[in-house]
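One structure is given here, and the rest of the page talks about it.
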Amino acid sequence: MARWKILGKACLATLTVVFLLSTQRALALDASQAQYTRSVWKVQDGLPEDTVQALAETSDGYLWIGTTGGLTRFDGTRFVLYGSNILPSPGVNSIFCLSASKDGSLWIGTEGGGMLHLKNNLVKSYGTPEGLTDGFVRSILEDRHGTVWVGTDNGLYQVVGDRVKRVEMAPGMEPLAVHAIFEDRQGRIWVGGSRLLSIENGQQHFYSLPGSYSSNRVKSILQAADGTVWVGTVGGLERLVGDKFVGLAEIQSTVRTLKQTSDGTLWIGTIGNGLWTYKSGTFSLLNSLLPSNTVLNILEDDSHQVWIGLQDALVRLSRTPVRVVPLPGGSDADFETISGNGTGSLWVVASGVYKISDGVARPYRFNELPDVRVRNIFRDREGELWVGTDGSGAYRMTSRGIVHYSAPRELTNNFIRAFLESRHGDVWIATDEGVSRIGPQGVQKFTMKDGLVYFSTRSLLEDHGNDIWIGTDQGLSHWHRNGFVHDAATDALRHEKVWSIFEDPTDTLWFGTRDHGLFRYHDGSIAQFTTAQGLASNSIYQILEDPQRRFWLSGPNTISSLDEPQLHQEATTSTQHLNVSVYTMPYGADDTQMYGGRQPSGYLDPDGSVWFAGSKGAAHVVLESSPMPALPRLILENVTLDGRNLPLSDTIELPSHMTRLEFHYAPLSLRPQAGIRYQYKLENFDKDWVYAGSSLIASYTNLPAGKYRFRVTTFDDSISLRSIAFSSADHD
């Protein structure tokens with residue numbers, strides 16, 4: 001806890017910062033099917049130069065980036081350049097390696113300027129006077145005992161106090177050109193460069209590598225979780241089998257960097273041949289994710305994101321639980337629907353009909369309907385398919401043949417938007433111009449002259465009492481005991497475009513609207529939720545609920561989820577901001593638009609995953625349990641009074657009349673921050689929480705003397721909820 005005292009001429013105030021933490025489920029996907037979002041930074045975004053050679057994350061959560069043009073620190077939003085106050089001379093800017101120490105400090109290896117140690121904003125240089133006789137530092141390692149090993153172009157060193165000491169090679173061996181140092185699980189120190197050796201209890205053991213002298217120079221070393229030792233060389237990738245290293249034919253270019261991430265995937269960065277992964281005996285090339293094929297460094301941060309240093313950029317790969325199954329030939333339609341087939345496969349309808357099995361979409365043709373343009377497919381409880389079309393009515397495919405329903409005989413219109421099978425076995429069909437009910441008793445058609453609120457229908461639902469709810473483009477209709485009735489729900493939504501309707505296990509009805517968010521109807525009471533309460537969008541295309549009572553909502557360009565119980569609590573108390581998780585599309589599909597207005601536009605899979613119809617194909621979201629990543633730190637960057645920064649640790653005098661007081665706050669998080677939102681409240685001044693969106697400043701003007709408590713709640717999309725509270729108390 002930090003404390004600030006602010007003294008004014010007419011008042012005394014104390015400002016206290018308190019961090020309050022809470023969590024929600026983490027999102028993860030098995031690495032074998034992992035999809036990634038991609039962020040890229042270059043000089044125009046704040047890097048000193050585009051060539052990123054070194055990466056390290058220190059214990060305070062900052063990412064340090066070594067480039068050919070200098071060192072910079074990144075907090076997830078801003079780059080802070082460490083220039084002349086760090087580097088040993090104006091002529092040495094290239095940072096080749098970085099190593100984060102257990103004590104939170106940073107070891108820095110330069111190309112020609114020796115080694116630096118940055119601790120508590122103080123820098124110590126290690127060069128010739130300290131015993132480092134070669135200024136080109138290629139690798140730094142702090143081992144489990146705290147010993148710092150330093151590899152240079154002309155020898156291996158250890159840091160001893162304020163000096164460095166050369167590690168002598170075996171008799172007759174020339175000093176090594178060291179490019180890689182690694183400590184394995186047995187405590188052996190592996191050293192690679194012009195030769196490869198391991199050091200254990202002071203004993204050196206040298207290894208022979210296949211290939212010519214020029215091709216087997218070592219660039220990277222790693223021991224995997226299964227104990228395998230991997231070595232990257234100028235000529236490719238080797239692994240230790242028994243007591244010999246064996247080359248792998250799949251990688252034939254220089255392996256500059258190796259990293260095994262927490263999910264067990266081995267990442268292989270090459271010069272000119274891109275980024276590879278290896279898992280379960282399979283190599284995969286990931287070049288489509290990168291703007292360059294020359295990979296210089298790989299880092300996994302504490303939140304399990306992968307950072308890639310390239311010849312011409314810095315890249316962050318963040319895993320997303322969303323996978324998009326493309327449709328052969330593309331969607332190319334102004335609609336798309338998705339529904340279950342009851343056999344483990346799915347139907348997707350866009351420009352054509354597709355069947356998804358085993359994660360692959362394949363074109364499908366109903367031979368009985370050769371020239372029909374399909375809109376949606378519905379399988380009833382008897383297993384029979386109903387096919388809704390774009391202008392040809394509806395077809396029911398039975399074992400006895402095909403039954404065709406069309407306007408004006410059975411349907412109000414031949415353009416089908418939704419199907420519903422009631423508990424009594426009636427099938428309701430919503431069209432562009434009304435609704436039809438087809439059952440054992442015959443056919444009924446409903447239009448506005450029959451009491452339907454509006455002709456353009458969008459959604460259908462049967463509730464627990466067997467009533468039918470019909471969403472239209474201008475209101476909601478309620479069918480009760482063979483007639484349309486009015487109630488609080490139909491009154492509240494009389495001008496809304498109701499595109500999705502859902503009933504939860506508590507018999508509460510939910511209405512998703514095209515323009516004004518989500519409506520809740522329970523025991524005659526209506527509540528509304530919008531982006532002001534935290535929804536990702538005010539356009540709700542589809543409402544689903546999984547077995548964990550988690551609501552899934554799709555909108556024009558979002559898929560989000562939130563807990564149903566929290567919605568009920570918020571509807572009755574209105575005391576907190578909704579905790580909404582927003583799901584990011586993988587790279588290559590990040591401009592995907594969702595579809596709605598024709599049902600179903602989403603599907604709950606029996607395995608608990610969800611599917612939504614999108615412009616790039618079918619979006620599949622699979623949540624699996626995984627360790628909760630570290631919560632982002634929150635930082636109070638500064639507090640200003642009339643434009644002047646207030647010291648955060650000193651006592652200062654303030655005038656009795658303040659004009660503007662501002663709180664500047666920010667998260668320290670290497671995760672993507674596009675979805676982070678804030679709300680704040682100054683207790684005893686603000687009556688309600690103030691939704692700040694992505695703004696990082698809270699401003700107050702002409703505050704009277706009094707006792708206040710300032711709070712900020714931060715929503716980090718999908719993984720955590722954290723609060724930061726500032727309080728002040730003043731008296732005359």
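Ordered as shown in the structure tokens, chains take letters A, B, and onward, while each chain numbers its residues from 1 and ligands are numbered from 1 in the order shown.
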Compile the contact shell of Ser284 of chain A as a JSON list (two decimals) with C-alpha atoms, in the first residue's frame: residues with an atom at most 10 Å away, counting only C-alpha atoms, same-chain residues fewer than 2 positions apart removed.
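Saved as selection13.json:
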```json
[["chain", "number", "residue", "atom", "x", "y", "z"],
["A", 250, "GLU", "CA", 13.10, -30.91, -41.69],
["A", 267, "TRP", "CA", 9.48, -23.10, -31.16],
["A", 268, "ILE", "CA", 12.30, -22.92, -33.69],
["A", 275, "LEU", "CA", 9.26, -19.87, -37.63],
["A", 276, "TRP", "CA", 8.67, -23.58, -36.97],
["A", 277, "THR", "CA", 6.99, -25.50, -34.17],
["A", 278, "TYR", "CA", 7.51, -29.08, -33.08],
["A", 279, "LYS", "CA", 5.08, -31.09, -30.97],
["A", 282, "THR", "CA", 5.24, -33.09, -35.99],
["A", 286, "LEU", "CA", 4.08, -20.76, -39.15],
["A", 287, "ASN", "CA", 5.35, -18.21, -41.65]]
```
Could you go through segment 198-298 of chain A and tell me which residues DSSP, when run on the backbone, assigns to strand (DSSP E), listing them as a compact mmCIF listing (two decimals) with C-alpha atoms, in the first residue's frame?
```
# COMPACT_ATOMS: atom_id res chain seq x y z
CA SER A 198 28.89 -29.07 -21.16
CA ILE A 199 30.34 -28.14 -17.77
CA GLU A 200 29.50 -30.14 -14.67
CA GLN A 203 34.59 -30.71 -15.68
CA GLN A 204 34.28 -29.92 -19.37
CA HIS A 205 32.86 -32.40 -21.84
CA PHE A 206 33.07 -31.63 -25.56
CA TYR A 207 30.62 -32.93 -28.17
CA VAL A 218 26.15 -23.48 -32.46
CA LYS A 219 23.65 -20.63 -32.29
CA SER A 220 21.11 -21.91 -29.72
CA ILE A 221 20.73 -24.63 -27.05
CA LEU A 222 17.68 -25.93 -25.17
CA GLN A 223 16.69 -28.87 -23.02
CA VAL A 229 18.78 -31.61 -25.55
CA TRP A 230 18.30 -29.64 -28.77
CA VAL A 231 21.02 -27.61 -30.49
CA GLY A 232 20.49 -25.09 -33.26
CA THR A 233 23.42 -24.66 -35.61
CA LEU A 237 18.68 -28.52 -35.90
CA GLU A 238 20.28 -31.34 -33.90
CA ARG A 239 19.14 -33.36 -30.91
CA LEU A 240 21.02 -35.57 -28.50
CA VAL A 241 20.24 -39.28 -28.92
CA LYS A 244 25.51 -38.44 -30.05
CA PHE A 245 23.80 -35.54 -31.76
CA VAL A 246 21.63 -36.37 -34.76
CA GLY A 247 20.44 -33.87 -37.36
CA VAL A 255 18.53 -22.03 -36.12
CA ARG A 256 19.11 -18.75 -34.32
CA THR A 257 16.76 -19.30 -31.34
CA LEU A 258 14.93 -22.12 -29.54
CA LYS A 259 12.14 -21.89 -26.97
CA GLN A 260 9.80 -24.42 -25.41
CA LEU A 266 9.09 -26.34 -29.21
CA TRP A 267 9.48 -23.10 -31.16
CA ILE A 268 12.30 -22.92 -33.69
CA GLY A 269 13.39 -19.57 -35.12
CA THR A 270 15.52 -19.67 -38.26
CA LEU A 275 9.26 -19.87 -37.63
CA TRP A 276 8.67 -23.58 -36.97
CA THR A 277 6.99 -25.50 -34.17
CA TYR A 278 7.51 -29.08 -33.08
CA LYS A 279 5.08 -31.09 -30.97
CA THR A 282 5.24 -33.09 -35.99
CA PHE A 283 6.94 -30.01 -37.45
CA SER A 284 4.76 -27.08 -38.58
CA LEU A 285 5.78 -23.93 -40.43
CA VAL A 295 13.60 -14.94 -36.52
CA LEU A 296 16.18 -13.65 -34.02
CA ASN A 297 14.57 -14.26 -30.61
CA ILE A 298 11.57 -15.96 -29.00
```
How close does each residue of segment 274-389 of chain A get to segment 40-62 of chain A, giving the shortest atom pair and distance in Å to one decimal for every residue with an atom at most 6 Å away, counting only C-alpha atoms, sorted by chain and residue number, as CSV?
```
residue,atom,partner,partner_atom,distance
A:Leu296,CA,A:Gln53,CA,5.4
A:Asn297,CA,A:Ala54,CA,5.9
A:Gly309,CA,A:Val52,CA,4.7
A:Leu310,CA,A:Val52,CA,5.5
A:Gln311,CA,A:Thr51,CA,4.5
A:Asp312,CA,A:Asp50,CA,4.5
A:Ala313,CA,A:Asp50,CA,5.0
A:Leu314,CA,A:Trp41,CA,5.2
A:Val315,CA,A:Val40,CA,4.6
```
Could you write out the selected residues, including all heavy atoms, as a short mmCIF file (atom, residue, chain, number, x, y, z; two decimals), in the first residue's frame?
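The result, stored in again.cif:
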```cif
data_model
loop_
_atom_site.label_atom_id
_atom_site.label_comp_id
_atom_site.auth_asym_id
_atom_site.auth_seq_id
_atom_site.Cartn_x
_atom_site.Cartn_y
_atom_site.Cartn_z
N LEU A 296 14.98 -13.85 -34.82
CA LEU A 296 16.18 -13.65 -34.02
C LEU A 296 16.00 -14.00 -32.56
O LEU A 296 16.98 -14.31 -31.87
CB LEU A 296 16.63 -12.19 -34.14
CG LEU A 296 16.88 -11.68 -35.56
CD1 LEU A 296 17.30 -10.21 -35.54
CD2 LEU A 296 17.94 -12.53 -36.26
N ASN A 297 14.77 -13.96 -32.03
CA ASN A 297 14.57 -14.26 -30.61
C ASN A 297 13.12 -14.65 -30.37
O ASN A 297 12.22 -14.16 -31.07
CB ASN A 297 14.94 -13.05 -29.74
CG ASN A 297 15.39 -13.46 -28.36
OD1 ASN A 297 14.57 -13.81 -27.52
ND2 ASN A 297 16.69 -13.44 -28.12
N GLY A 309 11.12 -11.75 -31.91
CA GLY A 309 11.99 -10.70 -32.42
C GLY A 309 12.42 -11.05 -33.83
O GLY A 309 13.02 -12.11 -34.07
N LEU A 310 12.12 -10.17 -34.77
CA LEU A 310 12.40 -10.42 -36.19
C LEU A 310 13.44 -9.45 -36.72
O LEU A 310 13.81 -8.47 -36.06
CB LEU A 310 11.11 -10.27 -37.01
CG LEU A 310 9.95 -11.20 -36.65
CD1 LEU A 310 8.72 -10.82 -37.45
CD2 LEU A 310 10.32 -12.65 -36.90
N GLN A 311 13.88 -9.72 -37.94
CA GLN A 311 14.82 -8.82 -38.61
C GLN A 311 14.21 -7.44 -38.80
O GLN A 311 14.93 -6.44 -38.78
CB GLN A 311 15.22 -9.40 -39.97
CG GLN A 311 16.22 -8.58 -40.76
CD GLN A 311 17.58 -8.56 -40.12
OE1 GLN A 311 17.96 -9.52 -39.46
NE2 GLN A 311 18.32 -7.46 -40.29
N ASP A 312 12.88 -7.37 -38.92
CA ASP A 312 12.28 -6.07 -39.22
C ASP A 312 11.02 -5.78 -38.41
O ASP A 312 10.19 -4.98 -38.84
CB ASP A 312 11.98 -5.94 -40.71
CG ASP A 312 10.99 -6.99 -41.21
OD1 ASP A 312 10.56 -7.83 -40.39
OD2 ASP A 312 10.65 -6.97 -42.40
N ALA A 313 10.85 -6.39 -37.23
CA ALA A 313 9.65 -6.09 -36.43
C ALA A 313 9.70 -6.86 -35.11
O ALA A 313 10.47 -7.81 -34.93
CB ALA A 313 8.38 -6.47 -37.20
N LEU A 314 8.82 -6.43 -34.21
CA LEU A 314 8.50 -7.17 -32.99
C LEU A 314 7.07 -7.67 -33.14
O LEU A 314 6.17 -6.91 -33.47
CB LEU A 314 8.61 -6.26 -31.76
CG LEU A 314 8.10 -6.84 -30.43
CD1 LEU A 314 8.98 -8.00 -29.98
CD2 LEU A 314 8.05 -5.75 -29.36
N VAL A 315 6.85 -8.97 -32.86
CA VAL A 315 5.54 -9.58 -33.03
C VAL A 315 5.11 -10.22 -31.72
O VAL A 315 5.91 -10.87 -31.04
CB VAL A 315 5.56 -10.63 -34.15
CG1 VAL A 315 4.24 -11.41 -34.19
CG2 VAL A 315 5.80 -9.97 -35.50
#
```
Considering only C-alpha atoms, return as an mmCIF file with N, CA, C and O atoms, in the first residue's frame whatever protein or nucleic-acid residues lie within 10 Å of Ser262 of chain A, sequence-local ones (same chain, fewer than 4 positions apart) excluded.
```
data_model
loop_
_atom_site.group_PDB
_atom_site.id
_atom_site.type_symbol
_atom_site.label_atom_id
_atom_site.label_comp_id
_atom_site.auth_asym_id
_atom_site.auth_seq_id
_atom_site.Cartn_x
_atom_site.Cartn_y
_atom_site.Cartn_z
ATOM 1 N N ALA A 31 -2.748 -26.686 -27.525
ATOM 2 C CA ALA A 31 -1.800 -26.116 -28.480
ATOM 3 C C ALA A 31 -1.868 -26.785 -29.846
ATOM 4 O O ALA A 31 -1.509 -26.183 -30.856
ATOM 5 N N ALA A 225 11.229 -30.327 -21.999
ATOM 6 C CA ALA A 225 10.643 -30.857 -20.771
ATOM 7 C C ALA A 225 10.832 -32.365 -20.649
ATOM 8 O O ALA A 225 10.879 -32.902 -19.541
ATOM 9 N N LEU A 266 7.747 -26.837 -28.924
ATOM 10 C CA LEU A 266 9.087 -26.344 -29.206
ATOM 11 C C LEU A 266 9.009 -25.362 -30.365
ATOM 12 O O LEU A 266 8.529 -25.703 -31.453
ATOM 13 N N GLU A 300 8.431 -16.415 -24.180
ATOM 14 C CA GLU A 300 7.076 -16.607 -23.658
ATOM 15 C C GLU A 300 6.972 -15.812 -22.369
ATOM 16 O O GLU A 300 7.772 -16.004 -21.445
ATOM 17 N N ASP A 301 5.976 -14.914 -22.276
ATOM 18 C CA ASP A 301 5.854 -14.098 -21.076
ATOM 19 C C ASP A 301 5.015 -14.806 -20.019
ATOM 20 O O ASP A 301 4.558 -15.934 -20.209
ATOM 21 N N ASP A 302 4.826 -14.146 -18.886
ATOM 22 C CA ASP A 302 4.131 -14.774 -17.761
ATOM 23 C C ASP A 302 2.675 -15.093 -18.053
ATOM 24 O O ASP A 302 2.065 -15.921 -17.370
ATOM 25 N N HIS A 304 1.735 -16.300 -20.922
ATOM 26 C CA HIS A 304 1.798 -17.352 -21.946
ATOM 27 C C HIS A 304 1.594 -16.825 -23.364
ATOM 28 O O HIS A 304 1.171 -17.574 -24.251
ATOM 29 N N GLN A 305 1.929 -15.571 -23.574
ATOM 30 C CA GLN A 305 1.976 -15.050 -24.930
ATOM 31 C C GLN A 305 3.380 -15.270 -25.490
ATOM 32 O O GLN A 305 4.356 -15.298 -24.744
#
```
Excluding segment 319-327 of chain A and residues on its chain fewer than 2 positions from it, collect all residues at most 6 Å away from it, counting only C-alpha atoms, and give them as number ranges by chain. A: 28-29, 35-36, 330, 361, 585, 616-622
Go ahead and save the residues from that selection, with N, CA and C atoms, as a PDB file, in the first residue's frame.
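Result saved to again25.pdb:
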```pdb
ATOM      1  N   ALA A  28      -8.109 -20.818 -22.601  1.00  0.00           N
ATOM      2  CA  ALA A  28      -6.981 -21.495 -23.219  1.00  0.00           C
ATOM      3  C   ALA A  28      -7.497 -22.482 -24.250  1.00  0.00           C
ATOM      4  N   LEU A  29      -6.618 -22.909 -25.147  1.00  0.00           N
ATOM      5  CA  LEU A  29      -6.960 -23.894 -26.158  1.00  0.00           C
ATOM      6  C   LEU A  29      -5.789 -24.835 -26.286  1.00  0.00           C
ATOM      7  N   GLN A  35      -4.988 -21.221 -32.064  1.00  0.00           N
ATOM      8  CA  GLN A  35      -5.045 -20.135 -33.017  1.00  0.00           C
ATOM      9  C   GLN A  35      -4.501 -18.895 -32.317  1.00  0.00           C
ATOM     10  N   TYR A  36      -3.941 -17.969 -33.095  1.00  0.00           N
ATOM     11  CA  TYR A  36      -3.272 -16.820 -32.505  1.00  0.00           C
ATOM     12  C   TYR A  36      -3.778 -15.518 -33.117  1.00  0.00           C
ATOM     13  N   GLY A 330     -15.546 -19.521 -50.034  1.00  0.00           N
ATOM     14  CA  GLY A 330     -15.908 -18.318 -49.295  1.00  0.00           C
ATOM     15  C   GLY A 330     -17.387 -18.222 -49.022  1.00  0.00           C
ATOM     16  N   ALA A 361     -15.195 -28.030 -43.321  1.00  0.00           N
ATOM     17  CA  ALA A 361     -16.440 -27.740 -44.037  1.00  0.00           C
ATOM     18  C   ALA A 361     -16.336 -28.250 -45.469  1.00  0.00           C
ATOM     19  N   MET A 585     -10.793 -12.868 -32.748  1.00  0.00           N
ATOM     20  CA  MET A 585     -10.625 -13.767 -33.878  1.00  0.00           C
ATOM     21  C   MET A 585      -9.140 -14.002 -34.149  1.00  0.00           C
ATOM     22  N   LYS A 616     -16.123 -15.072 -42.538  1.00  0.00           N
ATOM     23  CA  LYS A 616     -14.976 -15.872 -42.974  1.00  0.00           C
ATOM     24  C   LYS A 616     -15.214 -17.365 -42.790  1.00  0.00           C
ATOM     25  N   GLY A 617     -16.415 -17.723 -42.335  1.00  0.00           N
ATOM     26  CA  GLY A 617     -16.734 -19.122 -42.098  1.00  0.00           C
ATOM     27  C   GLY A 617     -17.384 -19.300 -40.746  1.00  0.00           C
ATOM     28  N   ALA A 618     -17.355 -20.528 -40.243  1.00  0.00           N
ATOM     29  CA  ALA A 618     -17.974 -20.845 -38.960  1.00  0.00           C
ATOM     30  C   ALA A 618     -16.967 -20.626 -37.843  1.00  0.00           C
ATOM     31  N   ALA A 619     -17.299 -19.740 -36.897  1.00  0.00           N
ATOM     32  CA  ALA A 619     -16.421 -19.443 -35.771  1.00  0.00           C
ATOM     33  C   ALA A 619     -16.734 -20.401 -34.632  1.00  0.00           C
ATOM     34  N   HIS A 620     -15.716 -21.142 -34.181  1.00  0.00           N
ATOM     35  CA  HIS A 620     -15.882 -22.170 -33.152  1.00  0.00           C
ATOM     36  C   HIS A 620     -15.082 -21.747 -31.928  1.00  0.00           C
ATOM     37  N   VAL A 621     -15.745 -21.635 -30.769  1.00  0.00           N
ATOM     38  CA  VAL A 621     -15.092 -21.215 -29.534  1.00  0.00           C
ATOM     39  C   VAL A 621     -15.074 -22.388 -28.566  1.00  0.00           C
ATOM     40  N   VAL A 622     -13.875 -22.791 -28.171  1.00  0.00           N
ATOM     41  CA  VAL A 622     -13.699 -23.911 -27.245  1.00  0.00           C
ATOM     42  C   VAL A 622     -12.924 -23.409 -26.039  1.00  0.00           C
TER      43      VAL A 622
END
```
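For Arg38 of chain A, the list of residues within 6 Å, based on only C-alpha atoms and with local chain neighbours fewer than 5 positions off taken out, reads Arg316, Leu317 and Tyr587 of chain A.
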Mind checking which residues fall within 7 Å of segment 493-501 of chain A, counting only C-alpha atoms, ignoring those fewer than 5 positions away in the same chain, and posting them as a ChimeraX atom specification? /A:458-461,471-476,510-514,541-543,597
Excluding same-chain residues fewer than 3 positions from Val348 of chain A, what lies within 9 Å of it counting only C-alpha atoms, as number ranges by chain? A: 327, 336-340, 352-356, 361, 376-377, 613, 617-618
Could you dump the residues just selected with N, CA, C and O atoms as a short mmCIF file (atom, residue, chain, number, x, y, z; two decimals), in the first residue's frame?
```cif
data_model
loop_
_atom_site.label_atom_id
_atom_site.label_comp_id
_atom_site.auth_asym_id
_atom_site.auth_seq_id
_atom_site.Cartn_x
_atom_site.Cartn_y
_atom_site.Cartn_z
N LEU A 327 -15.22 -21.74 -45.29
CA LEU A 327 -16.14 -22.40 -46.22
C LEU A 327 -15.50 -22.43 -47.60
O LEU A 327 -15.04 -21.39 -48.08
N GLU A 336 -25.89 -15.91 -43.27
CA GLU A 336 -25.31 -17.23 -43.00
C GLU A 336 -26.02 -17.79 -41.78
O GLU A 336 -26.28 -17.06 -40.82
N THR A 337 -26.38 -19.06 -41.82
CA THR A 337 -26.98 -19.72 -40.67
C THR A 337 -26.19 -20.97 -40.34
O THR A 337 -25.50 -21.53 -41.20
N ILE A 338 -26.30 -21.42 -39.09
CA ILE A 338 -25.55 -22.58 -38.64
C ILE A 338 -26.43 -23.38 -37.68
O ILE A 338 -27.09 -22.81 -36.81
N SER A 339 -26.48 -24.69 -37.86
CA SER A 339 -27.36 -25.52 -37.03
C SER A 339 -26.77 -26.91 -36.89
O SER A 339 -25.96 -27.35 -37.71
N GLY A 340 -27.18 -27.63 -35.83
CA GLY A 340 -26.70 -28.97 -35.60
C GLY A 340 -27.45 -29.97 -36.46
O GLY A 340 -28.62 -29.79 -36.78
N GLY A 352 -23.84 -21.32 -50.37
CA GLY A 352 -24.25 -22.68 -50.64
C GLY A 352 -24.46 -23.41 -49.33
O GLY A 352 -24.43 -22.81 -48.25
N VAL A 353 -24.67 -24.71 -49.41
CA VAL A 353 -24.85 -25.54 -48.22
C VAL A 353 -23.54 -26.25 -47.94
O VAL A 353 -22.91 -26.81 -48.86
N TYR A 354 -23.13 -26.25 -46.66
CA TYR A 354 -21.90 -26.91 -46.25
C TYR A 354 -22.19 -27.78 -45.04
O TYR A 354 -23.03 -27.46 -44.20
N LYS A 355 -21.47 -28.88 -44.96
CA LYS A 355 -21.57 -29.77 -43.82
C LYS A 355 -20.20 -29.81 -43.14
O LYS A 355 -19.19 -30.10 -43.79
N ILE A 356 -20.16 -29.51 -41.83
CA ILE A 356 -18.91 -29.52 -41.09
C ILE A 356 -18.81 -30.81 -40.31
O ILE A 356 -19.66 -31.11 -39.47
N ALA A 361 -15.19 -28.03 -43.32
CA ALA A 361 -16.44 -27.74 -44.04
C ALA A 361 -16.34 -28.25 -45.47
O ALA A 361 -15.36 -27.96 -46.17
N ASN A 376 -31.68 -21.83 -44.48
CA ASN A 376 -31.42 -22.47 -43.19
C ASN A 376 -31.94 -23.90 -43.20
O ASN A 376 -32.75 -24.28 -44.04
N ILE A 377 -31.39 -24.70 -42.26
CA ILE A 377 -31.75 -26.11 -42.17
C ILE A 377 -32.09 -26.42 -40.72
O ILE A 377 -31.39 -26.00 -39.79
N ALA A 613 -22.11 -18.00 -36.89
CA ALA A 613 -21.97 -17.78 -38.32
C ALA A 613 -21.21 -16.49 -38.57
O ALA A 613 -21.59 -15.44 -38.05
N GLY A 617 -16.41 -17.72 -42.34
CA GLY A 617 -16.73 -19.12 -42.10
C GLY A 617 -17.38 -19.30 -40.75
O GLY A 617 -17.90 -18.35 -40.15
N ALA A 618 -17.35 -20.53 -40.24
CA ALA A 618 -17.97 -20.85 -38.96
C ALA A 618 -16.97 -20.63 -37.84
O ALA A 618 -15.89 -21.24 -37.83
#
```
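Between atom CA of Asn557 of chain A and atom CA of Gly693 of chain A there is a distance of 17.9 Å.
Distance-wise, atom CA of Asn154 of chain A and atom CA of Trp64 of chain A end up 26.0 Å apart.
Using only C-alpha atoms, the smallest distance between any of A:Gly161, A:Arg550, A:Tyr583, A:Leu562 and Leu604 of chain A comes from A:Arg550.
Take atom CA of Gly70 of chain A and atom CA of Tyr82 of chain A: the distance between them is 7.2 Å.
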Please return as number ranges by chain: the residues of segment 19-225 of chain A that backbone DSSP assigns to helix (DSSP H, G or I). A: 31-33, 43-45, 128-130
I need the chosen residues saved as a compact mmCIF listing (two decimals), in the first residue's frame, with C-alpha atoms.
```
# COMPACT_ATOMS: atom_id res chain seq x y z
CA ALA A 31 -1.80 -26.12 -28.48
CA SER A 32 -2.38 -28.71 -31.19
CA GLN A 33 -5.30 -26.59 -32.39
CA VAL A 43 9.97 2.05 -35.60
CA GLN A 44 6.85 4.09 -36.25
CA ASP A 45 5.26 2.45 -33.19
CA THR A 128 38.13 -4.30 -20.15
CA PRO A 129 38.82 -2.67 -16.74
CA GLU A 130 36.51 -5.23 -15.10
```
